[in-house]
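Presented below is the structure to which this report refers.
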Amino acid sequence: MGLKLGLVGVALVAIVVVILSSLRPVARVAVVTHGRAVNAVPGSVLVSATRISQLTSEIGGRIQKSDLEPGKMVKEGDVLAQLDTGDLDLVIEKIKIDSDATKKRVAAGSAIQFEYDTAVENEQNAEKQFARGSIPSLELSRDKRAVEAIKLRMVQEDVQNKQTIDTFENQVKVNERLRDKMTITAPFDGVISVVNARKDDQIGNGYSIATLITVTRKVEAKISEENFASVQVGQRAVVRFLTYGDAEFPATVIQKLPTAEAGTQRYIAYLDVKVEPGKLLPDLTGEVSIVVGERDAKALVPRRAVFDGFVFVVKDGQVERRKVTLGYTSLNMAEVLEGVQTDEQVIVDELDQFHPGQHVRVEVVK
């Protein structure tokens, strides 16, 4: 009988222990490991287009044709829009008609040429008569001056005719250039971003009918002054974009700018990020961790396990609060120089829910 009562008592105690254990809060923990510690410089990331251009027409008018659609890929030199050139075409045609008429008139010969030929004949006759003594030298001089005067008029007429023809040709070129400006082409390979005007719309001088952005992107990392000195071209990095959650993308530092931004006093380094080009959208933001040093570490913990210089260690189901000395830190991991040892368990989530001496159940996470 006593044995049965003892067994019942043991069973009841076991049941109570199980019940109490199940009531303990669950602590999500990570195991302290050893491995490669990374010293990384943090920074914010901004993606922008390599080049952005407003597609404008220097000449106002009605859009006669348009191939502008948001998201459309275009090549440098592609015709994107055409303004109505009808009025300019008529002006150019009129100038060419006047120019052709002037050229034909010049080719037909000058009326002054007849006067010149007659004056030359008079001069020759006068020279013969003067040689015979039939006329005085004064009369011969008068005939010579008449020839020179007509010759001067011929030269002036030639100059005027050339000026008139050159002016016509210049007017044609000026108006043809204006007409060319009414054809809007892509200045570089890119994608249409915004369309502000469509076919048959009337636009003014300099109006932006669309925005063109390059397919290529630049990724700039903004870094504090105290960390920027340790950043060097060629260093590897890890980037996380807010839009893509916890996904990490490898990157490399490809350029450093020598001066800080005026407003933020942060320095800029450009990154080459290994990511599908379609994911690098302009104005995409995120964070970067640039590796500036590496070494073997005896103890590594997730960075989120560290709060205000302390970690919560779970030992034999009980929480301990320990002060830690950190070494290298990166985007996700931190090296612990003092405070924990390999294979111990540290709480990584909801740290404010735990306190020293608390009994907990553990759930190990990677």
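In the structure tokens, each chain is lettered A, B, ... as it comes, each chain's residues begin at 1, and ligands are numbered from 1 in order of appearance.
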
Selection near stretch 230-235 of chain A, 10 Å with only C-alpha atoms, sequence-local residues under 3 positions removed, as a count of residues only: 20

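Pairwise distance (atom CA of A:Leu337, atom CA of A:Val31) equals 15.8 Å.
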
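Atom CA of A:Val346 is positioned 4.5 Å from atom CA of A:Val313.
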
Skipping near chain neighbours, those fewer than 6 positions away, what residues fall within 9 Å of A:Glu320 using only C-alpha atoms, listed as a list in words? Val311, Phe312, Val313, Val314, His355, Pro356, Gly357 and Gln358 of chain A

Residues of the last selection are to be written out with C-alpha atoms, as a PDB file, in the first residue's frame.
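What ended up in out26.pdb:
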ATOM      1  CA  VAL A 311      23.607  39.656 -23.261  1.00  0.00           C
ATOM      2  CA  PHE A 312      21.150  37.208 -21.679  1.00  0.00           C
ATOM      3  CA  VAL A 313      22.648  33.727 -21.356  1.00  0.00           C
ATOM      4  CA  VAL A 314      20.400  30.721 -20.677  1.00  0.00           C
ATOM      5  CA  HIS A 355      15.319  39.166 -16.460  1.00  0.00           C
ATOM      6  CA  PRO A 356      18.110  37.472 -14.455  1.00  0.00           C
ATOM      7  CA  GLY A 357      17.037  34.355 -12.528  1.00  0.00           C
ATOM      8  CA  GLN A 358      14.013  33.732 -14.728  1.00  0.00           C
TER       9      GLN A 358
END

Quick one: everything within 8 Å of stretch 203-214 of chain A, counting only C-alpha atoms, minus sequence neighbours fewer than 3 positions away in the same chain. Send it as a ChimeraX atom specification. /A:49-63,68,186,188-198,217

Generate a file of the selected residues that holds N, CA, C and O atoms, formatted as a short mmCIF file (atom, residue, chain, number, x, y, z; two decimals), in the first residue's frame.
data_model
loop_
_atom_site.label_atom_id
_atom_site.label_comp_id
_atom_site.auth_asym_id
_atom_site.auth_seq_id
_atom_site.Cartn_x
_atom_site.Cartn_y
_atom_site.Cartn_z
N ALA A 49 19.59 56.78 -60.73
CA ALA A 49 19.95 56.56 -62.13
C ALA A 49 21.27 57.25 -62.43
O ALA A 49 21.55 58.33 -61.90
N THR A 50 22.08 56.64 -63.29
CA THR A 50 23.35 57.25 -63.68
C THR A 50 23.13 58.60 -64.35
O THR A 50 23.89 59.54 -64.17
N ARG A 51 22.04 58.69 -65.11
CA ARG A 51 21.73 59.95 -65.80
C ARG A 51 20.22 60.08 -65.97
O ARG A 51 19.54 59.11 -66.29
N ILE A 52 19.71 61.28 -65.76
CA ILE A 52 18.29 61.58 -65.96
C ILE A 52 18.20 62.79 -66.88
O ILE A 52 18.89 63.78 -66.68
N SER A 53 17.35 62.70 -67.90
CA SER A 53 17.24 63.79 -68.86
C SER A 53 15.77 64.11 -69.12
O SER A 53 14.94 63.21 -69.26
N GLN A 54 15.48 65.42 -69.15
CA GLN A 54 14.15 65.88 -69.54
C GLN A 54 14.13 66.04 -71.06
O GLN A 54 14.95 66.76 -71.62
N LEU A 55 13.21 65.38 -71.71
CA LEU A 55 13.09 65.47 -73.16
C LEU A 55 12.26 66.71 -73.50
O LEU A 55 11.07 66.77 -73.20
N THR A 56 12.92 67.70 -74.09
CA THR A 56 12.26 68.97 -74.38
C THR A 56 12.44 69.35 -75.84
O THR A 56 13.33 68.86 -76.52
N SER A 57 11.58 70.25 -76.28
CA SER A 57 11.71 70.85 -77.61
C SER A 57 11.97 72.33 -77.44
O SER A 57 11.24 73.02 -76.72
N GLU A 58 13.05 72.82 -78.06
CA GLU A 58 13.35 74.25 -77.98
C GLU A 58 12.30 75.08 -78.72
O GLU A 58 12.17 76.28 -78.49
N ILE A 59 11.57 74.42 -79.62
CA ILE A 59 10.56 75.09 -80.42
C ILE A 59 9.18 74.61 -79.98
O ILE A 59 8.96 73.41 -79.79
N GLY A 60 8.27 75.53 -79.78
CA GLY A 60 6.91 75.16 -79.43
C GLY A 60 6.14 74.68 -80.65
O GLY A 60 6.53 74.92 -81.79
N GLY A 61 5.03 74.00 -80.40
CA GLY A 61 4.20 73.55 -81.50
C GLY A 61 3.30 72.40 -81.10
O GLY A 61 3.19 72.04 -79.93
N ARG A 62 2.66 71.81 -82.10
CA ARG A 62 1.75 70.69 -81.87
C ARG A 62 2.48 69.38 -82.10
O ARG A 62 3.21 69.22 -83.09
N ILE A 63 2.32 68.43 -81.17
CA ILE A 63 2.95 67.12 -81.31
C ILE A 63 2.19 66.33 -82.38
O ILE A 63 1.02 66.00 -82.21
N LEU A 68 6.04 57.86 -77.11
CA LEU A 68 6.39 57.95 -75.70
C LEU A 68 5.40 57.14 -74.86
O LEU A 68 4.19 57.41 -74.87
N ALA A 186 16.17 60.34 -78.57
CA ALA A 186 16.75 59.89 -77.30
C ALA A 186 18.23 60.24 -77.24
O ALA A 186 18.99 59.85 -78.13
N PHE A 188 20.39 59.13 -75.11
CA PHE A 188 21.17 57.99 -74.65
C PHE A 188 20.22 56.78 -74.51
O PHE A 188 18.99 56.93 -74.55
N ASP A 189 20.81 55.60 -74.37
CA ASP A 189 20.00 54.40 -74.12
C ASP A 189 19.34 54.54 -72.76
O ASP A 189 19.99 54.92 -71.77
N GLY A 190 18.06 54.21 -72.69
CA GLY A 190 17.39 54.34 -71.40
C GLY A 190 15.96 53.86 -71.46
O GLY A 190 15.53 53.17 -72.38
N VAL A 191 15.22 54.25 -70.43
CA VAL A 191 13.81 53.87 -70.31
C VAL A 191 12.99 55.12 -70.03
O VAL A 191 13.40 55.98 -69.26
N ILE A 192 11.84 55.22 -70.69
CA ILE A 192 10.94 56.36 -70.47
C ILE A 192 10.33 56.24 -69.07
O ILE A 192 9.75 55.21 -68.73
N SER A 193 10.47 57.27 -68.27
CA SER A 193 9.98 57.23 -66.90
C SER A 193 8.62 57.90 -66.76
O SER A 193 7.66 57.32 -66.29
N VAL A 194 8.54 59.16 -67.19
CA VAL A 194 7.30 59.94 -67.05
C VAL A 194 6.98 60.56 -68.40
O VAL A 194 7.88 61.04 -69.10
N VAL A 195 5.71 60.57 -68.78
CA VAL A 195 5.26 61.21 -70.01
C VAL A 195 4.32 62.36 -69.65
O VAL A 195 3.32 62.15 -68.97
N ASN A 196 4.67 63.57 -70.11
CA ASN A 196 3.88 64.77 -69.77
C ASN A 196 3.02 65.28 -70.91
O ASN A 196 2.16 66.13 -70.69
N ALA A 197 3.26 64.83 -72.14
CA ALA A 197 2.49 65.31 -73.29
C ALA A 197 2.31 64.18 -74.29
O ALA A 197 3.17 63.31 -74.43
N ARG A 198 1.18 64.22 -74.97
CA ARG A 198 0.83 63.17 -75.93
C ARG A 198 0.60 63.76 -77.32
O ARG A 198 0.67 64.97 -77.53
N ARG A 217 22.54 52.06 -63.08
CA ARG A 217 22.29 52.74 -61.81
C ARG A 217 23.60 52.97 -61.06
O ARG A 217 24.60 52.28 -61.28
#

Once DSSP has gone over the backbone, tell me which residues of stretch 162-276 of chain A are in strand (DSSP E or B), as JSON, numbers by chain. {"A": [183, 184, 185, 190, 191, 192, 193, 194, 195, 202, 203, 207, 208, 209, 210, 211, 212, 213, 217, 218, 219, 220, 221, 222, 223, 236, 237, 238, 239, 240, 241, 249, 250, 251, 252, 253, 254, 255, 256, 267, 268, 269, 270, 271, 272, 273]}

For A:Asp158: contacts at 12 Å, only C-alpha atoms, fewer than 3 positions along chain excluded, given as an MDAnalysis selection string: chainID A and resid 102:103 105:107 109:113 151:155 161:165

Have a look at atom CA of A:Asn332 and atom CA of A:Ala237 and let me know their distance in Å, one decimal. 12.5 Å

List every residue of stretch 99-302 of chain A that DSSP, applied to the backbone of this structure, places in alpha helix (DSSP H), and write the result as a PyMOL selection string. chain A and resi 99-108+112-132+137-181+225-228

Got a sec: who's within 10 Å of A:Ser137, counting only C-alpha atoms, leaving out chain neighbours fewer than 6 positions off, as a list of chain:residue names? A:Ala126, A:Glu127, A:Gln129, A:Phe130, A:Ala131

Write to file, as a CSV table (one decimal), in the first residue's frame, the residues of the selection just made, with all heavy atoms.
chain,number,residue,atom,x,y,z
A,126,ALA,N,38.7,106.7,-128.1
A,126,ALA,CA,39.2,108.0,-127.6
A,126,ALA,C,40.8,107.9,-127.7
A,126,ALA,O,41.4,108.9,-128.0
A,126,ALA,CB,38.7,108.3,-126.2
A,127,GLU,N,41.3,106.8,-127.3
A,127,GLU,CA,42.8,106.6,-127.4
A,127,GLU,C,43.3,106.8,-128.8
A,127,GLU,O,44.4,107.4,-129.0
A,127,GLU,CB,43.2,105.3,-126.8
A,127,GLU,CG,43.0,105.2,-125.3
A,127,GLU,CD,43.4,103.8,-124.7
A,127,GLU,OE1,43.4,102.9,-125.6
A,127,GLU,OE2,43.6,103.7,-123.5
A,129,GLN,N,41.8,108.5,-131.3
A,129,GLN,CA,41.6,109.9,-131.7
A,129,GLN,C,42.7,110.8,-131.0
A,129,GLN,O,43.2,111.7,-131.6
A,129,GLN,CB,40.2,110.4,-131.3
A,129,GLN,CG,39.2,109.7,-132.1
A,129,GLN,CD,37.8,110.1,-131.7
A,129,GLN,OE1,37.6,111.1,-131.0
A,129,GLN,NE2,36.8,109.4,-132.2
A,130,PHE,N,43.0,110.4,-129.7
A,130,PHE,CA,44.0,111.2,-129.0
A,130,PHE,C,45.4,111.1,-129.6
A,130,PHE,O,46.1,112.0,-129.7
A,130,PHE,CB,44.0,110.8,-127.5
A,130,PHE,CG,45.1,111.5,-126.7
A,130,PHE,CD1,44.9,112.8,-126.3
A,130,PHE,CD2,46.3,110.9,-126.3
A,130,PHE,CE1,45.9,113.5,-125.6
A,130,PHE,CE2,47.2,111.5,-125.6
A,130,PHE,CZ,47.1,112.8,-125.2
A,131,ALA,N,45.6,109.8,-130.1
A,131,ALA,CA,46.9,109.6,-130.7
A,131,ALA,C,47.1,110.4,-132.0
A,131,ALA,O,48.1,110.8,-132.4
A,131,ALA,CB,47.1,108.1,-131.0

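In terms of minimum interatomic distance to A:Asp98, A:Gln171 ranks closest within A:Thr285, A:Ser134, A:Ser224, A:Gln171, counting only C-alpha atoms.
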
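Proximity to A:Thr216 was assessed for A:Glu276, A:Asp78, A:Glu93, A:Asp87 counting only C-alpha atoms; the smallest distance is recorded for A:Glu276.
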
Show which residues sit within 8 Å of A:Met333, as a PyMOL selection string. Count only C-alpha atoms, and ignore same-chain residues fewer than 5 positions away. chain A and resi 37-38+300-303
